[in-house]
>>> print(open('coords_18.cif').read())   # mmCIF, C-alpha atoms
data_entry
#
loop_
_atom_site.label_atom_id
_atom_site.label_comp_id
_atom_site.auth_asym_id
_atom_site.auth_seq_id
_atom_site.Cartn_x
_atom_site.Cartn_y
_atom_site.Cartn_z
CA MET A 27 33.11 3.81 -15.43
CA VAL A 28 30.76 6.77 -15.96
CA GLU A 29 29.18 5.04 -18.97
CA LYS A 30 28.79 1.81 -16.98
CA LEU A 31 27.12 3.74 -14.16
CA GLU A 32 24.72 5.43 -16.60
CA GLU A 33 23.91 2.03 -18.06
CA LEU A 34 23.13 0.73 -14.55
CA GLN A 35 20.91 3.75 -13.93
CA LYS A 36 18.97 3.21 -17.19
CA THR A 37 18.45 -0.50 -16.44
CA ALA A 38 17.16 0.26 -12.94
CA LEU A 39 14.74 2.91 -14.22
CA LYS A 40 13.54 0.61 -17.01
CA ASN A 41 12.78 -2.08 -14.42
CA ASN A 42 11.00 0.44 -12.14
CA ILE A 43 13.57 0.02 -9.38
CA PRO A 44 13.59 3.15 -7.20
CA ILE A 45 17.03 4.77 -7.27
CA ILE A 46 18.22 8.25 -6.38
CA GLN A 47 17.80 10.91 -9.06
CA LYS A 48 20.96 11.94 -10.88
CA ASP A 49 21.20 15.50 -9.54
CA GLY A 50 20.54 14.25 -5.99
CA LEU A 51 23.32 11.71 -6.40
CA GLU A 52 25.75 14.34 -7.68
CA PHE A 53 24.84 16.57 -4.72
CA ILE A 54 25.77 13.79 -2.25
CA GLN A 55 28.95 12.96 -4.19
CA ASN A 56 30.00 16.61 -3.83
CA TYR A 57 29.20 16.46 -0.12
CA ILE A 58 31.45 13.38 0.19
CA LYS A 59 34.34 15.18 -1.53
CA GLU A 60 33.94 18.48 0.32
CA ASN A 61 33.63 16.88 3.77
CA SER A 62 36.35 14.21 3.39
CA VAL A 63 33.85 11.40 4.00
CA SER A 64 35.64 8.07 4.32
CA ARG A 65 32.99 5.76 5.86
CA VAL A 66 29.37 5.51 4.69
CA LEU A 67 26.46 3.46 6.02
CA GLU A 68 23.61 3.14 3.51
CA ILE A 69 20.16 1.93 4.52
CA GLY A 70 18.62 0.46 1.36
CA SER A 71 20.95 -0.74 -1.41
CA ALA A 72 18.39 -1.54 -4.14
CA VAL A 73 20.66 -2.64 -7.03
CA GLY A 74 23.78 -0.95 -5.61
CA TYR A 75 23.60 2.15 -7.83
CA SER A 76 24.20 4.81 -5.17
CA ALA A 77 26.78 2.75 -3.23
CA ILE A 78 28.74 2.20 -6.45
CA ALA A 79 28.55 5.91 -7.30
CA PHE A 80 29.77 6.84 -3.80
CA ALA A 81 32.66 4.36 -4.08
CA LEU A 82 33.69 5.84 -7.43
CA THR A 83 33.86 9.30 -5.81
CA LYS A 84 36.94 8.47 -3.71
CA ASN A 85 39.41 5.58 -3.77
CA ASP A 86 39.73 5.41 0.01
CA ILE A 87 36.01 5.43 0.85
CA LYS A 88 34.44 2.38 2.54
CA ILE A 89 30.71 1.73 2.26
CA THR A 90 28.48 -0.61 4.24
CA THR A 91 25.07 -1.05 2.62
CA LEU A 92 22.00 -2.98 3.78
CA GLU A 93 19.32 -4.55 1.59
CA ARG A 94 16.58 -6.84 2.90
CA ASP A 95 15.17 -7.97 -0.47
CA LYS A 96 17.04 -11.10 -1.55
CA ASP A 97 16.71 -10.55 -5.31
CA ARG A 98 17.85 -6.92 -5.12
CA TYR A 99 20.68 -7.91 -2.80
CA ASN A 100 21.91 -10.50 -5.34
CA GLU A 101 21.64 -7.98 -8.15
CA ALA A 102 23.52 -5.36 -6.14
CA LEU A 103 26.20 -7.90 -5.23
CA ASN A 104 26.69 -8.75 -8.92
CA ASN A 105 26.86 -5.07 -9.86
CA ILE A 106 29.43 -4.35 -7.14
CA LYS A 107 31.59 -7.22 -8.44
CA ARG A 108 31.12 -6.01 -12.02
CA PHE A 109 32.55 -2.63 -11.02
CA ASN A 110 35.39 -4.35 -9.09
CA LEU A 111 34.40 -2.54 -5.90
CA ASP A 112 34.28 -5.53 -3.50
CA ASN A 113 37.18 -4.02 -1.56
CA GLN A 114 35.27 -0.76 -0.98
CA ILE A 115 31.64 -1.89 -0.60
CA THR A 116 30.32 -4.45 1.89
CA ILE A 117 26.68 -5.40 1.37
CA TYR A 118 24.47 -7.33 3.79
CA ASN A 119 21.20 -9.09 2.98
CA ILE A 120 19.44 -8.08 6.18
CA ASP A 121 16.55 -6.03 7.50
CA ALA A 122 18.05 -2.78 8.79
CA PHE A 123 16.26 -3.24 12.13
CA ASP A 124 18.08 -6.55 12.65
CA TYR A 125 21.48 -5.06 11.84
CA GLU A 126 23.77 -4.24 14.75
CA ASP A 127 26.97 -2.29 14.23
CA SER A 128 29.23 -0.55 16.76
CA ARG A 129 31.28 1.28 14.11
CA LYS A 130 31.06 5.00 13.48
CA TYR A 131 30.35 6.54 10.08
CA ASP A 132 30.95 9.98 8.55
CA LEU A 133 27.75 9.70 6.53
CA ILE A 134 24.57 7.69 7.01
CA PHE A 135 22.35 7.65 3.94
CA ILE A 136 18.70 6.69 4.47
CA ASP A 137 16.99 5.59 1.26
CA ALA A 138 14.87 2.60 2.27
CA ALA A 139 11.22 2.13 3.39
CA LYS A 140 9.92 5.71 3.72
CA ALA A 141 7.36 4.76 6.36
CA GLN A 142 10.26 3.79 8.66
CA TYR A 143 12.41 6.93 8.25
CA ILE A 144 12.03 8.10 11.87
CA LYS A 145 12.87 4.63 13.24
CA PHE A 146 15.91 4.35 10.94
CA PHE A 147 17.11 7.78 12.05
CA GLU A 148 16.70 6.95 15.77
CA LYS A 149 18.35 3.54 15.45
CA PHE A 150 21.42 4.58 13.46
CA LYS A 151 22.17 8.06 14.85
CA ARG A 152 24.40 6.38 17.45
CA ASN A 153 26.62 5.19 14.58
CA LEU A 154 27.38 8.74 13.52
CA ASN A 155 30.83 10.23 13.94
CA LYS A 156 31.06 13.68 15.43
CA ASN A 157 30.85 16.09 12.49
CA GLY A 158 29.03 13.34 10.59
CA ALA A 159 25.71 13.73 8.75
CA ILE A 160 22.52 11.78 8.18
CA ILE A 161 21.25 12.35 4.65
CA THR A 162 17.73 11.36 3.62
CA ASP A 163 16.30 11.20 0.09
CA ASN A 164 12.74 11.27 -1.36
CA LEU A 165 11.30 13.93 0.95
CA SER A 166 9.20 15.38 -1.86
CA PHE A 167 7.98 11.96 -3.04
CA HIS A 168 7.43 13.17 -6.60
CA GLY A 169 5.82 16.41 -5.39
CA LEU A 170 3.08 14.64 -3.39
CA VAL A 171 4.35 15.77 0.02
CA ASP A 172 3.52 19.38 -0.85
CA HIS A 173 0.47 18.42 -2.93
CA PRO A 174 -1.12 15.27 -1.44
CA GLU A 175 -4.35 16.19 -3.23
CA ASN A 176 -2.71 14.99 -6.47
CA THR A 177 -3.24 11.34 -5.53
CA ASN A 178 -6.37 9.38 -4.64
CA ASN A 179 -4.45 6.24 -3.72
CA ARG A 180 -5.04 5.45 -0.03
CA ASN A 181 -1.65 3.76 0.52
CA THR A 182 0.18 6.63 -1.19
CA LYS A 183 -1.67 9.17 0.99
CA GLN A 184 -0.63 7.25 4.13
CA LEU A 185 2.98 7.17 2.96
CA VAL A 186 2.92 10.90 2.21
CA ARG A 187 1.63 11.56 5.74
CA LYS A 188 4.52 9.54 7.17
CA ILE A 189 7.06 11.54 5.13
CA GLN A 190 5.41 14.76 6.34
CA LYS A 191 5.71 13.44 9.90
CA TYR A 192 9.42 12.70 9.32
CA ILE A 193 10.00 16.26 8.07
CA GLU A 194 8.28 17.57 11.24
CA PHE A 195 10.47 15.23 13.31
CA LEU A 196 13.62 16.66 11.67
CA ASN A 197 12.47 20.26 12.12
CA GLU A 198 11.65 19.72 15.81
CA ASN A 199 14.72 17.58 16.60
CA LYS A 200 16.78 19.28 19.31
CA GLU A 201 19.88 17.12 18.76
CA PHE A 202 20.31 17.78 15.05
CA GLU A 203 20.27 20.77 12.76
CA THR A 204 18.65 19.87 9.45
CA LYS A 205 18.77 21.69 6.15
CA PHE A 206 16.53 20.79 3.23
CA TYR A 207 17.58 20.99 -0.41
CA GLU A 208 15.16 21.07 -3.35
CA ILE A 209 17.46 18.80 -5.35
CA GLY A 210 16.43 15.53 -6.93
CA ASP A 211 13.37 14.30 -5.01
CA LYS A 212 14.28 16.66 -2.10
CA ILE A 213 17.13 15.83 0.25
CA SER A 214 17.81 16.61 3.91
CA ILE A 215 21.18 16.85 5.65
CA SER A 216 21.07 16.48 9.45
CA ILE A 217 24.15 17.33 11.51
CA LEU A 218 24.59 16.97 15.28
CA LYS A 219 24.26 20.41 16.90
CA ASN A 220 26.79 19.78 19.66
CA LYS A 221 29.20 17.99 17.28
CA GLU A 222 29.45 15.09 19.72
CA ALA A 223 27.97 11.76 18.70
CA LYS A 224 25.94 10.19 21.49
#
>>> encode(input="coords_18.cif", output="structure tokens")
Amino acid sequence: MVEKLEELQKTALKNNIPIIQKDGLEFIQNYIKENSVSRVLEIGSAVGYSAIAFALTKNDIKITTLERDKDRYNEALNNIKRFNLDNQITIYNIDAFDYEDSRKYDLIFIDAAKAQYIKFFEKFKRNLNKNGAIITDNLSFHGLVDHPENTNNRNTKQLVRKIQKYIEFLNENKEFETKFYEIGDKISISILKNKEAK
């Protein structure tokens, strides 16, 4: 299974599909084990790489993952079937903003459109279990968040500003306590301060 997962990772990178970096993934897998996570909601499936890795972490874990791009959804669906993880992973071809879910999750993983991070956080925080966490990836954006002067691309600069705004939002958020980890492409873990999901 590890070899198959590495093969999936290499294929995704070769095709320029954005997936979580290996050390970032291992960090979240450890979080899942250490915190007895049994239900995960993932915003942004891509080709299913992270959802599959999470499912392989624990036999009893259930993952719901959302992907709006039809081609990536189909690819992720095929990969999930190839790993025989249909019973653990449910994937929906839907825009996250159109998705409604009353269930509660131990972990919500945000790894979709970076410009929408604040909106994703606000929409899905109600789906968090008490003691649950919202984890976000790509907060360094290849080092450009700390060094925006390293790009002249206008769209990239706008995206970097939005990630910077999200980091400010997390730091100023009164409901959640957020810690940042310089792992992978920089990861944040946000936990409800009062331990009671709203």
>>> atom_distance(input="coords_18.cif", atom1="atom CA of Thr204 of chain A", atom2="atom CA of Gly158 of chain A")
12.3 Å
>>> resolve_selection(input="coords_18.cif", expression="the PyMOL selection byres ((chain A and resi 123) around 9)", output="ChimeraX atom specification")
/A:120-122,124-126,145-146,149
>>> write_last_selection(input="coords_18.cif", atoms="C-alpha atoms", output="tab-separated table (two decimals), in the frame of the given file")
chain	number	residue	atom	x	y	z
A	120	ILE	CA	19.44	-8.08	6.18
A	121	ASP	CA	16.55	-6.03	7.50
A	122	ALA	CA	18.05	-2.78	8.79
A	124	ASP	CA	18.08	-6.55	12.65
A	125	TYR	CA	21.48	-5.06	11.84
A	126	GLU	CA	23.77	-4.24	14.75
A	145	LYS	CA	12.87	4.63	13.24
A	146	PHE	CA	15.91	4.35	10.94
A	149	LYS	CA	18.35	3.54	15.45
>>> resolve_selection(input="coords_18.cif", expression="the PyMOL selection byres ((chain A and resi 138-140) around 7)", output="list of chain:residue names")
A:Ile69, A:Gly70, A:Ile136, A:Asp137, A:Ala141, A:Gln142, A:Tyr143, A:Ile189
>>> residues_around(input="coords_18.cif", residues="Asn179 of chain A", least_positions_apart="6", cutoff="12 Å", atoms="only C-alpha atoms", output="compact mmCIF listing (two decimals) with C-alpha atoms, keeping the file's coordinate frame")
# COMPACT_ATOMS: atom_id res chain seq x y z
CA LEU A 170 3.08 14.64 -3.39
CA LEU A 185 2.98 7.17 2.96
CA VAL A 186 2.92 10.90 2.21
>>> closest_residue(input="coords_18.cif", among="A:Phe147, A:Phe53, A:Tyr192, A:Tyr118", to="Glu208 of chain A", atoms="all atoms listed in the file")
A:Phe53
>>> residues_around(input="coords_18.cif", residues="Val66 of chain A", least_positions_apart="3", cutoff="8 Å", atoms="all atoms listed in the file", output="list in words")
Val63, Ile87, Lys88, Ile89, Thr90, Tyr131, Asp132, Leu133, Ile134 and Phe135 of chain A
>>> resolve_selection(input="coords_18.cif", expression="the PyMOL selection byres ((chain A and resi 55-62) around 8)", output="list of chain:residue names")
A:Leu51, A:Glu52, A:Phe53, A:Ile54, A:Val63, A:Ser64, A:Ala79, A:Phe80, A:Thr83, A:Lys84
>>> closest_residue(input="coords_18.cif", among="A:Lys30, A:Lys40, A:Lys219, A:Arg94", to="Asn199 of chain A", atoms="all atoms listed in the file")
A:Lys219
>>> residues_around(input="coords_18.cif", residues="segment 102-106 of chain A", least_positions_apart="4", cutoff="7 Å", atoms="only C-alpha atoms", output="ChimeraX atom specification")
/A:72-74,78,98,110-112
>>> residues_around(input="coords_18.cif", residues="segment 213-217 of chain A", least_positions_apart="3", cutoff="6 Å", atoms="only C-alpha atoms", output="JSON, numbers by chain")
{"A": [159, 160, 161, 162, 163, 202, 203, 204, 205, 206, 207]}
>>> residues_around(input="coords_18.cif", residues="Glu29 of chain A", least_positions_apart="4", cutoff="12 Å", atoms="all atoms listed in the file", output="PyMOL selection string")
chain A and resi 33-36+79+109
>>> closest_residue(input="coords_18.cif", among="A:Thr182, A:Ser166, A:Asn197, A:Tyr75", to="Val28 of chain A", atoms="only C-alpha atoms")
A:Tyr75
>>> atom_distance(input="coords_18.cif", atom1="atom CA of Arg152 of chain A", atom2="atom CA of Lys130 of chain A")
7.9 Å
>>> atom_distance(input="coords_18.cif", atom1="atom CA of Asp211 of chain A", atom2="atom CA of Lys48 of chain A")
9.9 Å
